[in-house]
Each structure stands twice: as C-alpha cells, then as structure tokens.
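J.: So I've got this file, protein.pdb, and it contains PDB, C-alpha atoms:
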```
ATOM      1  CA  MET A  13     144.236 121.698 109.010
ATOM      2  CA  HIS A  14     144.220 124.434 111.677
ATOM      3  CA  THR A  15     142.006 123.665 114.662
ATOM      4  CA  TYR A  16     140.165 126.512 116.346
ATOM      5  CA  ASN A  17     139.619 126.166 120.102
ATOM      6  CA  PRO A  18     136.731 128.169 121.559
ATOM      7  CA  ARG A  19     136.989 129.379 125.142
ATOM      8  CA  ASN A  20     134.282 131.890 126.050
ATOM      9  CA  VAL A  21     131.252 131.246 123.871
ATOM     10  CA  LEU A  22     128.138 133.328 123.277
ATOM     11  CA  ILE A  23     125.353 131.040 122.059
ATOM     12  CA  THR A  24     122.309 132.893 120.768
ATOM     13  CA  GLY A  25     118.992 131.072 120.935
ATOM     14  CA  GLY A  26     120.471 128.460 123.236
ATOM     15  CA  ALA A  27     117.142 127.776 124.968
ATOM     16  CA  GLY A  28     115.550 126.769 121.677
ATOM     17  CA  PHE A  29     115.370 123.342 120.100
ATOM     18  CA  ILE A  30     118.724 123.006 118.328
ATOM     19  CA  GLY A  31     120.493 125.493 120.599
ATOM     20  CA  CYS A  32     119.731 123.581 123.812
ATOM     21  CA  HIS A  33     121.112 120.394 122.296
ATOM     22  CA  PHE A  34     124.280 122.205 121.273
ATOM     23  CA  VAL A  35     124.685 123.654 124.781
ATOM     24  CA  ARG A  36     124.572 120.111 126.154
ATOM     25  CA  HIS A  37     126.947 118.849 123.480
ATOM     26  CA  LEU A  38     129.524 121.561 124.132
ATOM     27  CA  LEU A  39     129.435 121.248 127.916
ATOM     28  CA  ARG A  40     129.733 117.486 127.632
ATOM     29  CA  THR A  41     132.591 117.370 125.102
ATOM     30  CA  ASP A  42     134.767 120.384 126.015
ATOM     31  CA  ARG A  43     135.457 120.895 129.711
ATOM     32  CA  HIS A  44     137.340 124.173 129.074
ATOM     33  CA  VAL A  45     134.497 126.073 127.425
ATOM     34  CA  ARG A  46     132.318 128.596 129.244
ATOM     35  CA  ILE A  47     128.933 129.500 127.740
ATOM     36  CA  VAL A  48     126.817 132.643 127.881
ATOM     37  CA  ASN A  49     123.388 131.774 126.502
ATOM     38  CA  LEU A  50     121.483 134.788 125.121
ATOM     39  CA  ASP A  51     117.833 133.978 124.473
ATOM     40  CA  LEU A  52     114.698 136.113 124.391
ATOM     41  CA  LEU A  53     112.680 133.142 125.732
ATOM     42  CA  THR A  54     109.795 133.565 123.319
ATOM     43  CA  TYR A  55     107.354 130.752 122.516
ATOM     44  CA  ALA A  56     110.214 128.830 120.840
ATOM     45  CA  GLY A  57     112.621 128.870 123.793
ATOM     46  CA  SER A  58     112.253 127.627 127.339
ATOM     47  CA  LEU A  59     114.414 127.310 130.420
ATOM     48  CA  ASP A  60     112.918 123.828 130.805
ATOM     49  CA  ASN A  61     114.977 122.857 127.738
ATOM     50  CA  LEU A  62     118.097 123.501 129.822
ATOM     51  CA  ASN A  63     117.328 121.317 132.821
ATOM     52  CA  ALA A  64     119.955 118.819 134.004
ATOM     53  CA  LEU A  65     122.849 120.246 132.001
ATOM     54  CA  PRO A  66     126.268 118.627 132.328
ATOM     55  CA  ASP A  67     128.589 120.877 134.375
ATOM     56  CA  PRO A  68     125.973 123.683 134.614
ATOM     57  CA  GLU A  69     128.277 126.125 136.429
ATOM     58  CA  ARG A  70     129.970 126.779 133.081
ATOM     59  CA  HIS A  71     126.678 127.959 131.591
ATOM     60  CA  GLN A  72     124.833 131.230 132.180
ATOM     61  CA  VAL A  73     121.488 132.312 130.699
ATOM     62  CA  VAL A  74     120.840 135.957 129.837
ATOM     63  CA  GLN A  75     117.322 136.853 128.736
ATOM     64  CA  GLY A  76     117.403 139.421 125.952
ATOM     65  CA  THR A  77     117.228 140.076 122.246
ATOM     66  CA  ILE A  78     120.087 139.873 119.768
ATOM     67  CA  CYS A  79     118.848 143.210 118.405
ATOM     68  CA  ASP A  80     119.891 144.962 121.646
ATOM     69  CA  ARG A  81     123.323 146.289 120.680
ATOM     70  CA  PRO A  82     124.283 147.664 124.124
ATOM     71  CA  LEU A  83     123.445 144.294 125.705
ATOM     72  CA  VAL A  84     125.454 142.359 123.115
ATOM     73  CA  ASP A  85     128.392 144.765 123.506
ATOM     74  CA  ARG A  86     128.327 144.324 127.276
ATOM     75  CA  LEU A  87     128.239 140.526 127.082
ATOM     76  CA  LEU A  88     131.157 140.380 124.661
ATOM     77  CA  ARG A  89     133.234 142.677 126.840
ATOM     78  CA  GLU A  90     132.341 141.349 130.302
ATOM     79  CA  HIS A  91     132.797 137.688 129.367
ATOM     80  CA  ASP A  92     135.702 138.178 126.975
ATOM     81  CA  ILE A  93     133.710 136.351 124.295
ATOM     82  CA  ASP A  94     135.855 134.911 121.517
ATOM     83  CA  THR A  95     133.197 132.741 119.837
ATOM     84  CA  ILE A  96     129.629 133.432 118.737
ATOM     85  CA  ILE A  97     127.438 130.514 117.678
ATOM     86  CA  HIS A  98     124.322 132.066 116.235
ATOM     87  CA  PHE A  99     121.181 129.899 116.440
ATOM     88  CA  ALA A 100     118.649 132.587 117.344
ATOM     89  CA  ALA A 101     116.068 132.973 114.589
ATOM     90  CA  GLU A 102     112.404 133.079 113.818
ATOM     91  CA  SER A 103     112.059 129.782 111.971
ATOM     92  CA  HIS A 104     108.457 128.687 111.516
ATOM     93  CA  VAL A 105     107.484 129.087 107.855
ATOM     94  CA  ASP A 106     103.740 129.399 108.508
ATOM     95  CA  ARG A 107     104.380 132.243 110.957
ATOM     96  CA  SER A 108     106.571 133.990 108.378
ATOM     97  CA  ILE A 109     103.660 133.943 105.916
ATOM     98  CA  THR A 110     101.209 135.549 108.332
ATOM     99  CA  GLY A 111     103.693 137.876 110.077
ATOM    100  CA  PRO A 112     106.942 138.436 108.155
ATOM    101  CA  ALA A 113     108.067 141.571 110.031
ATOM    102  CA  ALA A 114     109.371 139.628 113.028
ATOM    103  CA  PHE A 115     111.525 137.534 110.695
ATOM    104  CA  ILE A 116     113.179 140.614 109.228
ATOM    105  CA  GLU A 117     113.765 142.043 112.698
ATOM    106  CA  THR A 118     115.300 138.933 114.263
ATOM    107  CA  ASN A 119     116.937 137.153 111.341
ATOM    108  CA  VAL A 120     118.295 140.145 109.442
ATOM    109  CA  ILE A 121     118.627 143.046 111.911
ATOM    110  CA  GLY A 122     119.592 140.700 114.730
ATOM    111  CA  THR A 123     122.340 139.043 112.707
ATOM    112  CA  PHE A 124     123.606 142.448 111.575
ATOM    113  CA  THR A 125     123.707 143.613 115.220
ATOM    114  CA  LEU A 126     125.782 140.598 116.259
ATOM    115  CA  LEU A 127     128.186 141.046 113.342
ATOM    116  CA  GLU A 128     128.713 144.729 114.116
ATOM    117  CA  ALA A 129     129.308 144.012 117.794
ATOM    118  CA  ALA A 130     131.774 141.243 116.955
ATOM    119  CA  ARG A 131     133.602 143.449 114.455
ATOM    120  CA  ASP A 132     133.936 146.225 116.997
ATOM    121  CA  PHE A 133     135.072 144.046 119.909
ATOM    122  CA  TRP A 134     137.225 141.484 118.086
ATOM    123  CA  LEU A 135     138.816 143.579 115.347
ATOM    124  CA  ARG A 136     138.868 147.136 116.700
ATOM    125  CA  GLN A 137     139.232 146.703 120.453
ATOM    126  CA  GLN A 138     141.063 143.380 120.742
ATOM    127  CA  ALA A 139     142.803 143.280 117.342
ATOM    128  CA  TRP A 140     142.349 139.496 117.261
ATOM    129  CA  ASP A 141     143.258 137.519 114.160
ATOM    130  CA  THR A 142     141.220 134.711 112.580
ATOM    131  CA  GLY A 143     142.744 132.107 114.881
ATOM    132  CA  GLN A 144     141.563 133.904 118.027
ATOM    133  CA  CYS A 145     137.848 134.410 117.333
ATOM    134  CA  ARG A 146     135.040 132.922 115.282
ATOM    135  CA  PHE A 147     131.435 133.670 114.299
ATOM    136  CA  HIS A 148     129.458 130.542 113.391
ATOM    137  CA  HIS A 149     126.208 131.310 111.598
ATOM    138  CA  VAL A 150     123.638 128.496 111.663
ATOM    139  CA  SER A 151     121.395 128.676 108.605
ATOM    140  CA  THR A 152     119.040 126.498 106.580
ATOM    141  CA  ASP A 153     118.827 124.648 103.282
ATOM    142  CA  GLU A 154     115.621 126.595 102.578
ATOM    143  CA  VAL A 155     117.709 129.507 101.279
ATOM    144  CA  TYR A 156     118.326 127.423  98.149
ATOM    145  CA  GLY A 157     114.636 127.229  97.250
ATOM    146  CA  THR A 158     113.033 124.058  95.946
ATOM    147  CA  LEU A 159     113.992 121.076  93.792
ATOM    148  CA  ASP A 160     112.111 119.094  91.167
ATOM    149  CA  THR A 161     112.008 115.335  91.554
ATOM    150  CA  ASP A 162     115.086 114.582  89.438
ATOM    151  CA  GLU A 163     117.257 117.611  90.232
ATOM    152  CA  PRO A 164     120.549 117.049  92.076
ATOM    153  CA  ALA A 165     120.727 117.853  95.784
ATOM    154  CA  PHE A 166     121.663 121.310  97.024
ATOM    155  CA  CYS A 167     125.400 121.894  97.279
ATOM    156  CA  GLU A 168     127.270 124.860  98.719
ATOM    157  CA  THR A 169     127.423 126.615  95.325
ATOM    158  CA  THR A 170     123.688 126.275  94.584
ATOM    159  CA  PRO A 171     122.333 129.808  93.991
ATOM    160  CA  ASN A 172     119.950 131.213  96.581
ATOM    161  CA  ALA A 173     116.295 131.163  95.521
ATOM    162  CA  PRO A 174     114.221 131.532  98.717
ATOM    163  CA  ASN A 175     110.452 131.105  98.384
ATOM    164  CA  SER A 176     109.113 132.073 101.826
ATOM    165  CA  PRO A 177     109.673 135.187 103.952
ATOM    166  CA  TYR A 178     111.495 132.946 106.436
ATOM    167  CA  ALA A 179     113.876 131.597 103.795
ATOM    168  CA  ALA A 180     114.420 135.081 102.364
ATOM    169  CA  SER A 181     115.311 136.465 105.797
ATOM    170  CA  LYS A 182     117.834 133.668 106.361
ATOM    171  CA  ALA A 183     119.354 134.186 102.914
ATOM    172  CA  ALA A 184     119.776 137.878 103.712
ATOM    173  CA  SER A 185     121.528 137.062 106.970
ATOM    174  CA  ASP A 186     123.814 134.615 105.132
ATOM    175  CA  HIS A 187     124.838 137.375 102.746
ATOM    176  CA  PHE A 188     125.681 139.728 105.606
ATOM    177  CA  VAL A 189     127.883 137.076 107.221
ATOM    178  CA  ARG A 190     129.689 136.513 103.929
ATOM    179  CA  ALA A 191     130.100 140.264 103.408
ATOM    180  CA  TYR A 192     131.594 140.794 106.867
ATOM    181  CA  HIS A 193     134.203 138.156 106.148
ATOM    182  CA  SER A 194     135.008 139.529 102.691
ATOM    183  CA  THR A 195     134.951 143.214 103.618
ATOM    184  CA  TYR A 196     136.295 143.309 107.166
ATOM    185  CA  GLY A 197     138.115 139.997 107.499
ATOM    186  CA  LEU A 198     135.788 138.812 110.278
ATOM    187  CA  SER A 199     136.404 135.140 111.026
ATOM    188  CA  THR A 200     133.149 133.416 110.022
ATOM    189  CA  VAL A 201     131.769 130.027 109.041
ATOM    190  CA  THR A 202     128.219 129.251 107.900
ATOM    191  CA  THR A 203     126.312 125.980 107.932
ATOM    192  CA  HIS A 204     123.099 125.156 106.082
ATOM    193  CA  CYS A 205     121.150 122.308 107.664
ATOM    194  CA  SER A 206     118.241 120.222 106.472
ATOM    195  CA  ASN A 207     115.108 119.607 108.567
ATOM    196  CA  ASN A 208     116.046 118.801 112.163
ATOM    197  CA  TYR A 209     114.085 116.560 114.506
ATOM    198  CA  GLY A 210     114.561 115.165 117.998
ATOM    199  CA  PRO A 211     113.669 115.824 121.656
ATOM    200  CA  TYR A 212     112.698 119.350 122.771
ATOM    201  CA  GLN A 213     111.396 120.421 119.332
ATOM    202  CA  HIS A 214     108.543 122.922 119.463
ATOM    203  CA  HIS A 215     105.106 121.351 119.183
ATOM    204  CA  GLU A 216     104.223 123.306 115.997
ATOM    205  CA  LYS A 217     106.694 121.335 113.880
ATOM    206  CA  LEU A 218     105.654 118.303 111.835
ATOM    207  CA  ILE A 219     107.128 115.413 113.825
ATOM    208  CA  PRO A 220     106.026 116.612 117.304
ATOM    209  CA  THR A 221     102.595 117.395 115.845
ATOM    210  CA  VAL A 222     102.213 113.867 114.486
ATOM    211  CA  ILE A 223     103.381 112.253 117.737
ATOM    212  CA  ARG A 224     101.097 114.434 119.865
ATOM    213  CA  SER A 225      98.116 113.818 117.581
ATOM    214  CA  CYS A 226      98.609 110.062 117.762
ATOM    215  CA  LEU A 227      98.924 110.021 121.542
ATOM    216  CA  GLN A 228      95.933 112.320 122.053
ATOM    217  CA  ASN A 229      93.763 110.633 119.396
ATOM    218  CA  GLN A 230      93.488 113.849 117.384
ATOM    219  CA  PRO A 231      93.529 114.364 113.576
ATOM    220  CA  ILE A 232      97.029 114.336 112.050
ATOM    221  CA  PRO A 233      97.188 117.326 109.666
ATOM    222  CA  VAL A 234      99.097 116.693 106.422
ATOM    223  CA  TYR A 235      99.551 119.480 103.870
ATOM    224  CA  GLY A 236      98.275 118.803 100.341
ATOM    225  CA  ASP A 237      98.646 115.131  99.433
ATOM    226  CA  GLY A 238     101.713 114.610 101.647
ATOM    227  CA  SER A 239     104.107 114.197  98.721
ATOM    228  CA  ASN A 240     106.441 117.095  99.585
ATOM    229  CA  MET A 241     109.918 115.721 100.326
ATOM    230  CA  ARG A 242     112.450 116.709 102.968
ATOM    231  CA  ASP A 243     115.870 115.538 104.123
ATOM    232  CA  TRP A 244     115.711 114.756 107.854
ATOM    233  CA  LEU A 245     118.649 115.316 110.212
ATOM    234  CA  TYR A 246     118.719 114.082 113.805
ATOM    235  CA  VAL A 247     119.542 117.054 116.022
ATOM    236  CA  GLU A 248     122.475 115.443 117.842
ATOM    237  CA  ASP A 249     124.122 114.550 114.515
ATOM    238  CA  HIS A 250     123.665 118.213 113.582
ATOM    239  CA  CYS A 251     125.398 119.338 116.785
ATOM    240  CA  VAL A 252     128.429 117.154 116.083
ATOM    241  CA  ALA A 253     128.690 118.646 112.599
ATOM    242  CA  ILE A 254     128.386 122.223 113.888
ATOM    243  CA  ASP A 255     131.185 121.578 116.369
ATOM    244  CA  LEU A 256     133.411 120.142 113.636
ATOM    245  CA  VAL A 257     132.834 123.102 111.331
ATOM    246  CA  LEU A 258     133.409 125.561 114.190
ATOM    247  CA  ARG A 259     136.760 124.019 115.049
ATOM    248  CA  ARG A 260     138.076 122.821 111.692
ATOM    249  CA  GLY A 261     136.066 124.563 108.986
ATOM    250  CA  ARG A 262     137.771 127.038 106.691
ATOM    251  CA  THR A 263     137.062 130.640 107.638
ATOM    252  CA  GLY A 264     134.725 132.418 105.277
ATOM    253  CA  ASP A 265     133.406 129.106 103.985
ATOM    254  CA  THR A 266     130.017 127.397 103.952
ATOM    255  CA  TYR A 267     129.133 123.761 104.702
ATOM    256  CA  ASN A 268     125.892 121.862 104.129
ATOM    257  CA  ILE A 269     124.679 119.452 106.833
ATOM    258  CA  GLY A 270     122.066 116.846 105.920
ATOM    259  CA  GLY A 271     120.878 113.529 107.289
ATOM    260  CA  ASP A 272     120.795 111.555 104.015
ATOM    261  CA  ASN A 273     117.197 110.694 104.934
ATOM    262  CA  CYS A 274     114.899 111.956 102.171
ATOM    263  CA  TRP A 275     111.249 111.107 102.863
ATOM    264  CA  ASN A 276     107.962 112.545 101.726
ATOM    265  CA  ASN A 277     105.729 113.916 104.464
ATOM    266  CA  LEU A 278     103.172 111.135 104.239
ATOM    267  CA  GLY A 279     105.944 108.543 104.563
ATOM    268  CA  VAL A 280     107.194 110.342 107.682
ATOM    269  CA  VAL A 281     103.718 110.174 109.204
ATOM    270  CA  HIS A 282     103.386 106.450 108.491
ATOM    271  CA  LEU A 283     106.838 105.751 109.973
ATOM    272  CA  ILE A 284     105.958 107.620 113.161
ATOM    273  CA  CYS A 285     102.719 105.644 113.421
ATOM    274  CA  GLU A 286     104.647 102.375 113.042
ATOM    275  CA  VAL A 287     107.243 103.353 115.659
ATOM    276  CA  LEU A 288     104.598 104.530 118.130
ATOM    277  CA  ALA A 289     102.742 101.254 117.635
ATOM    278  CA  GLU A 290     105.928  99.375 118.550
ATOM    279  CA  LEU A 291     106.520 101.531 121.622
ATOM    280  CA  THR A 292     102.939 101.575 122.933
ATOM    281  CA  GLY A 293     101.623  98.162 121.875
ATOM    282  CA  HIS A 294      98.772  99.765 119.926
ATOM    283  CA  SER A 295      98.070  99.048 116.265
ATOM    284  CA  ALA A 296      99.630 101.273 113.612
ATOM    285  CA  SER A 297      96.289 101.362 111.780
ATOM    286  CA  GLY A 298      94.731 102.943 114.857
ATOM    287  CA  PHE A 299      97.109 105.858 114.379
ATOM    288  CA  THR A 300      97.077 106.070 110.558
ATOM    289  CA  ARG A 301      93.281 106.402 110.547
ATOM    290  CA  LEU A 302      93.854 109.830 112.124
ATOM    291  CA  ILE A 303      95.591 111.208 108.999
ATOM    292  CA  HIS A 304      93.732 114.270 107.748
ATOM    293  CA  PHE A 305      94.784 116.095 104.566
ATOM    294  CA  VAL A 306      94.548 119.898 104.788
ATOM    295  CA  THR A 307      94.892 122.739 102.290
ATOM    296  CA  ASP A 308      98.493 123.218 101.231
ATOM    297  CA  ARG A 309     100.265 126.323 102.463
ATOM    298  CA  PRO A 310     101.223 129.127 100.033
ATOM    299  CA  GLY A 311     104.632 128.751  98.377
ATOM    300  CA  HIS A 312     105.165 125.271  99.822
ATOM    301  CA  ASP A 313     108.547 124.081  98.506
ATOM    302  CA  TRP A 314     108.280 120.732  96.755
ATOM    303  CA  ARG A 315     111.540 119.040  97.684
ATOM    304  CA  TYR A 316     114.719 119.630  99.675
ATOM    305  CA  ALA A 317     117.805 117.426  99.444
ATOM    306  CA  VAL A 318     121.275 118.243 100.741
ATOM    307  CA  ASP A 319     124.624 117.127  99.310
ATOM    308  CA  THR A 320     127.010 116.610 102.245
ATOM    309  CA  THR A 321     130.044 115.587 100.156
ATOM    310  CA  LYS A 322     132.098 118.622 101.160
ATOM    311  CA  LEU A 323     131.530 118.082 104.887
ATOM    312  CA  ARG A 324     132.261 114.374 104.610
ATOM    313  CA  ASN A 325     135.423 114.774 102.545
ATOM    314  CA  GLU A 326     136.949 117.753 104.361
ATOM    315  CA  LEU A 327     135.972 117.035 107.964
ATOM    316  CA  GLY A 328     135.085 113.334 108.004
ATOM    317  CA  TRP A 329     131.533 113.796 109.302
ATOM    318  CA  SER A 330     128.636 111.459 108.657
ATOM    319  CA  PRO A 331     125.310 111.038 110.490
ATOM    320  CA  THR A 332     125.104 108.229 113.009
ATOM    321  CA  GLU A 333     121.308 107.909 113.124
ATOM    322  CA  THR A 334     119.118 106.371 110.479
ATOM    323  CA  PHE A 335     115.700 107.926 110.215
ATOM    324  CA  LYS A 336     114.046 105.015 112.017
ATOM    325  CA  THR A 337     116.539 104.988 114.910
ATOM    326  CA  GLY A 338     116.256 108.760 115.264
ATOM    327  CA  ILE A 339     112.456 108.678 115.136
ATOM    328  CA  ARG A 340     112.414 105.912 117.729
ATOM    329  CA  LYS A 341     114.557 107.996 120.122
ATOM    330  CA  THR A 342     112.395 111.052 119.462
ATOM    331  CA  ALA A 343     109.092 109.243 119.934
ATOM    332  CA  ALA A 344     110.335 107.596 123.145
ATOM    333  CA  TRP A 345     111.230 111.030 124.559
ATOM    334  CA  TYR A 346     107.828 112.515 123.665
ATOM    335  CA  LEU A 347     106.109 109.540 125.247
ATOM    336  CA  THR A 348     107.620 110.638 128.560
ATOM    337  CA  GLN A 349     106.165 114.124 128.027
ATOM    338  CA  TYR A 350     102.600 113.096 127.109
ATOM    339  CA  THR A 351     102.053 110.026 129.271
TER     340      THR A 351
END
```
Would you give me this structure, written as structure tokens?
T.:
Amino acid sequence: MHTYNPRNVLITGGAGFIGCHFVRHLLRTDRHVRIVNLDLLTYAGSLDNLNALPDPERHQVVQGTICDRPLVDRLLREHDIDTIIHFAAESHVDRSITGPAAFIETNVIGTFTLLEAARDFWLRQQAWDTGQCRFHHVSTDEVYGTLDTDEPAFCETTPNAPNSPYAASKAASDHFVRAYHSTYGLSTVTTHCSNNYGPYQHHEKLIPTVIRSCLQNQPIPVYGDGSNMRDWLYVEDHCVAIDLVLRRGRTGDTYNIGGDNCWNNLGVVHLICEVLAELTGHSASGFTRLIHFVTDRPGHDWRYAVDTTKLRNELGWSPTETFKTGIRKTAAWYLTQYT
C-alpha cells in the first residue's frame, strides 16, 4: 500500500480538543513535519491547550477563520502546504439547536473555502498529483443518524440520516469533500469518529461536566433517563487512527473510527463516580447522589455504534484504551485542573 508522507501541514482547529492532541501526536511522531495551526480561538479553542508542545519551533499558530479565503490562500502559498487536516468545526449539538447559522457558516462554508483553496493551489498552481498532497476531513458518526437497540453498528456505507443541525452541517461538508475528489480529482480522505473524550475537552461536554460536578459538589445533569447509548473513543487512540488514514488510507475513501466502548449515559456517569472515588478516596455514593435527571433535548439520537472492521483490516488499527483506563487518565488530568 502506498504511504503518503506529509511535510508542511495546515491543521485547522488545532487549538481545540481533538486538534491539540493531534498537534502533539504529529510533532512527537514525525520530526520532519512542520505545522501551521489555523484556529479562530473561539470558546472551544485555547492557546493554553498548546502549552509544552514537543519541538514547538515546528509549530506556528495563526488566529483566523477557515472562511477567510485570502488568508487560507496566503497560508497555503507562503508555507508551501501539501497537507490539510481539517478539525475546525462547530460541534456542540445543543448550540446547533439554539443557533444553527454558525454551524452552516463554519462547517459547510468553511469546508468549501478550504477545498476551493486547496484545489486552486494544489491542482492549478502546483499541478501536484495524489501522492504529493492530501486533504483529511475529520467528521463524525452523527451524520449516520440514530440506531435502534438491535440494529447493526454504523459502517462506511450506512446512508446519511442526520437528525440535528450539527449533524446535517457535517454531512453536507462530507458530501463536498467527496464531490471534490470525484469531480476534480482532489486527494481526500474522510474519517467518521465516535464520541471522543480525554484531557483538554471543553467543559460543556458530558464527561468533563460530570467530573466537574462531582469535584464541585454540584448536580450532575443527565438527559432523559440516561439510557441513550454512545460509543466512546479515547482521543489519543483517535489521533493514531487519523495519522494512519492520512498516510495509508485510500484516496477518496472513508473510514470509521470507534472505541468499541458502547455505554449508556447513566452507566458513564456511574463509572466516572467510581473512578473519582478511587482517585480521591471519597465514596462513590457521595458522587452518585448528585445525579439529576433533566428534560431530554430535542431530536436526541438514541444510540450510536461504530463498526471499525474496515480500519482494522486495511490499516491494522485498534484502540489501546479500555473505557475504564481512558476514564481514569481523563479524570486524573481534570483533578489537576480543579484541585
């Protein structure tokens, strides 16, 4: 299988949760790569996420939006960018319900802007072939919709059926990436991940919310009856998979990345309480008494599950963290932030 070797990489959203982990991963594992990190530094991104990078002189942050075509054009040209790894996205489902316009702007228009800039620089100006450039689009399993209890897990050929404005905006961006490969021959790969967790995740997300609530003795909000199910993927396992797909994935193809850790939300909360009890010496019951059920959100997908057979068989990837080991690492990191 052909191996692609990135050199000058534009990472969008690299000050966000998953992006900052991938910046660290790439700097640590490939000493030849240089990174330009384009991030708007909204509520979801922070320069603090990029402290103590390995080999930081090979990393440069540019504050700006992916919708700014002149800025993107300039970065591609000035840094001779051959690889775009596209993390930047509005991603919080609740925010997409109350304010969907920002999701269309960033996730759809922003992705289109990056694709157009890449097409112009790579194909028109540089005349590079598929072995000389690559656009890696990081997407979500939420584009597939929801599953009933007994339905098989999402695979790469599962039809899109998004149920939230967030998921719909990501599905639209996926289609543009596919179209640019099919129509123009742009060298692309797309990955769909399940729910990520780990250090540096924004405090609005479920796992940081539960940890913070426990440590601050505040109610732990749980939607509905807590029976909604998700597949949980430790962020560093996700980064390894992204790197594999970038380098060895088939151009124009799509790969699902999941953690093989399907839990319902209430089970996740109880596990976090147990792990925090182990780490702090407090009783788990002292944390579980904080559980507070709240009104379910509109269009709340029932179940996600991801079939990773293709990624395992083609590229030999498998997650290294169990859910308990990953939660323990995550909780230990947040303990350093809140105590």
J.: Tell me which of A:Pro177, A:Pro82, A:Pro233, A:Pro171 sits closest to Glu117 (chain A), counting all atoms listed in the file.
T.: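 Among the listed residues, A:Pro177 lies closest to Glu117 (chain A).
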J.: Can you check which parts of region 239-317 of chain A lie within 12 Å of region 217-222 of chain A? Per residue, the shortest pair of atoms and distance in Å to one decimal, counting all atoms listed in the file, sorted by chain and number, as JSON lines.
T.:
```
{"residue": "A:Arg242", "atom": "CA", "partner": "A:Leu218", "partner_atom": "CA", "distance": 11.3}
{"residue": "A:Trp244", "atom": "CA", "partner": "A:Ile219", "partner_atom": "CA", "distance": 10.5}
{"residue": "A:Tyr246", "atom": "CA", "partner": "A:Ile219", "partner_atom": "CA", "distance": 11.7}
{"residue": "A:Asn276", "atom": "CA", "partner": "A:Leu218", "partner_atom": "CA", "distance": 11.9}
{"residue": "A:Asn277", "atom": "CA", "partner": "A:Leu218", "partner_atom": "CA", "distance": 8.6}
{"residue": "A:Leu278", "atom": "CA", "partner": "A:Val222", "partner_atom": "CA", "distance": 10.6}
{"residue": "A:Gly279", "atom": "CA", "partner": "A:Ile219", "partner_atom": "CA", "distance": 11.6}
{"residue": "A:Val280", "atom": "CA", "partner": "A:Ile219", "partner_atom": "CA", "distance": 8.0}
{"residue": "A:Val281", "atom": "CA", "partner": "A:Val222", "partner_atom": "CA", "distance": 6.6}
{"residue": "A:His282", "atom": "CA", "partner": "A:Val222", "partner_atom": "CA", "distance": 9.6}
{"residue": "A:Leu283", "atom": "CA", "partner": "A:Val222", "partner_atom": "CA", "distance": 10.4}
{"residue": "A:Ile284", "atom": "CA", "partner": "A:Val222", "partner_atom": "CA", "distance": 7.4}
{"residue": "A:Cys285", "atom": "CA", "partner": "A:Val222", "partner_atom": "CA", "distance": 8.3}
{"residue": "A:Glu286", "atom": "CA", "partner": "A:Val222", "partner_atom": "CA", "distance": 11.8}
{"residue": "A:Val287", "atom": "CA", "partner": "A:Val222", "partner_atom": "CA", "distance": 11.7}
{"residue": "A:Leu288", "atom": "CA", "partner": "A:Val222", "partner_atom": "CA", "distance": 10.3}
{"residue": "A:Phe299", "atom": "CA", "partner": "A:Val222", "partner_atom": "CA", "distance": 9.5}
{"residue": "A:Thr300", "atom": "CA", "partner": "A:Val222", "partner_atom": "CA", "distance": 10.1}
{"residue": "A:Leu302", "atom": "CA", "partner": "A:Val222", "partner_atom": "CA", "distance": 9.6}
{"residue": "A:Ile303", "atom": "CA", "partner": "A:Val222", "partner_atom": "CA", "distance": 9.0}
{"residue": "A:His304", "atom": "CA", "partner": "A:Val222", "partner_atom": "CA", "distance": 10.8}
```
J.: Leaving out Ile30 (chain A) and any residue of its chain fewer than 3 positions from it, which residues lie within 7 Å of it when counting only C-alpha atoms, given as a list in words?
T.: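 That gives His33, Phe34 and Val247 of chain A.
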J.: By how many Å are CA of Leu62 (chain A) and CA of Asp186 (chain A) apart?
T.: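 Rounded to one decimal, the two atoms are 27.7 Å apart.
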J.: Tell me which residues come within 8 Å of (122.1, 119.8, 118.9), as a PyMOL selection string, counting only C-alpha atoms in the file's coordinates.
T.: chain A and resi 29-37+247-252
J.: Determine the residue membership of the PyMOL selection byres ((chain A and resi 142) around 9) for the file above and supply it as a VMD selection string.
T.: chain A and resid 140 to 141 143 to 146 197 to 200 263
J.: Quick one: of A:Tyr192, A:Tyr346, A:Tyr209, A:Phe166, who's nearest to Leu126 (chain A), counting all atoms listed in the file?
T.: A:Tyr192
J.: Provide region 248-257 of chain A rebuilt to N, CA, C and O atoms, formatted as a tab-separated table (two decimals), keeping the file's coordinate frame.
T.:
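part.tsv, freshly written:
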```tsv
chain	number	residue	atom	x	y	z
A	248	GLU	N	121.16	115.68	117.24
A	248	GLU	CA	122.48	115.44	117.84
A	248	GLU	C	123.55	115.22	116.77
A	248	GLU	O	124.71	115.61	116.96
A	249	ASP	N	123.19	114.62	115.63
A	249	ASP	CA	124.12	114.55	114.52
A	249	ASP	C	124.46	115.95	114.01
A	249	ASP	O	125.60	116.25	113.65
A	250	HIS	N	123.45	116.82	113.99
A	250	HIS	CA	123.66	118.21	113.58
A	250	HIS	C	124.66	118.91	114.51
A	250	HIS	O	125.57	119.60	114.07
A	251	CYS	N	124.51	118.69	115.82
A	251	CYS	CA	125.40	119.34	116.78
A	251	CYS	C	126.85	118.90	116.60
A	251	CYS	O	127.77	119.73	116.69
A	252	VAL	N	127.07	117.64	116.33
A	252	VAL	CA	128.43	117.15	116.08
A	252	VAL	C	129.01	117.85	114.86
A	252	VAL	O	130.18	118.27	114.86
A	253	ALA	N	128.21	117.99	113.82
A	253	ALA	CA	128.69	118.65	112.60
A	253	ALA	C	128.99	120.12	112.84
A	253	ALA	O	130.01	120.64	112.35
A	254	ILE	N	128.14	120.81	113.57
A	254	ILE	CA	128.39	122.22	113.89
A	254	ILE	C	129.71	122.37	114.62
A	254	ILE	O	130.52	123.26	114.31
A	255	ASP	N	129.95	121.51	115.59
A	255	ASP	CA	131.18	121.58	116.37
A	255	ASP	C	132.41	121.35	115.47
A	255	ASP	O	133.43	122.03	115.61
A	256	LEU	N	132.31	120.39	114.57
A	256	LEU	CA	133.41	120.14	113.64
A	256	LEU	C	133.69	121.35	112.75
A	256	LEU	O	134.85	121.74	112.56
A	257	VAL	N	132.65	121.94	112.20
A	257	VAL	CA	132.83	123.10	111.33
A	257	VAL	C	133.39	124.28	112.12
A	257	VAL	O	134.28	125.01	111.65
```
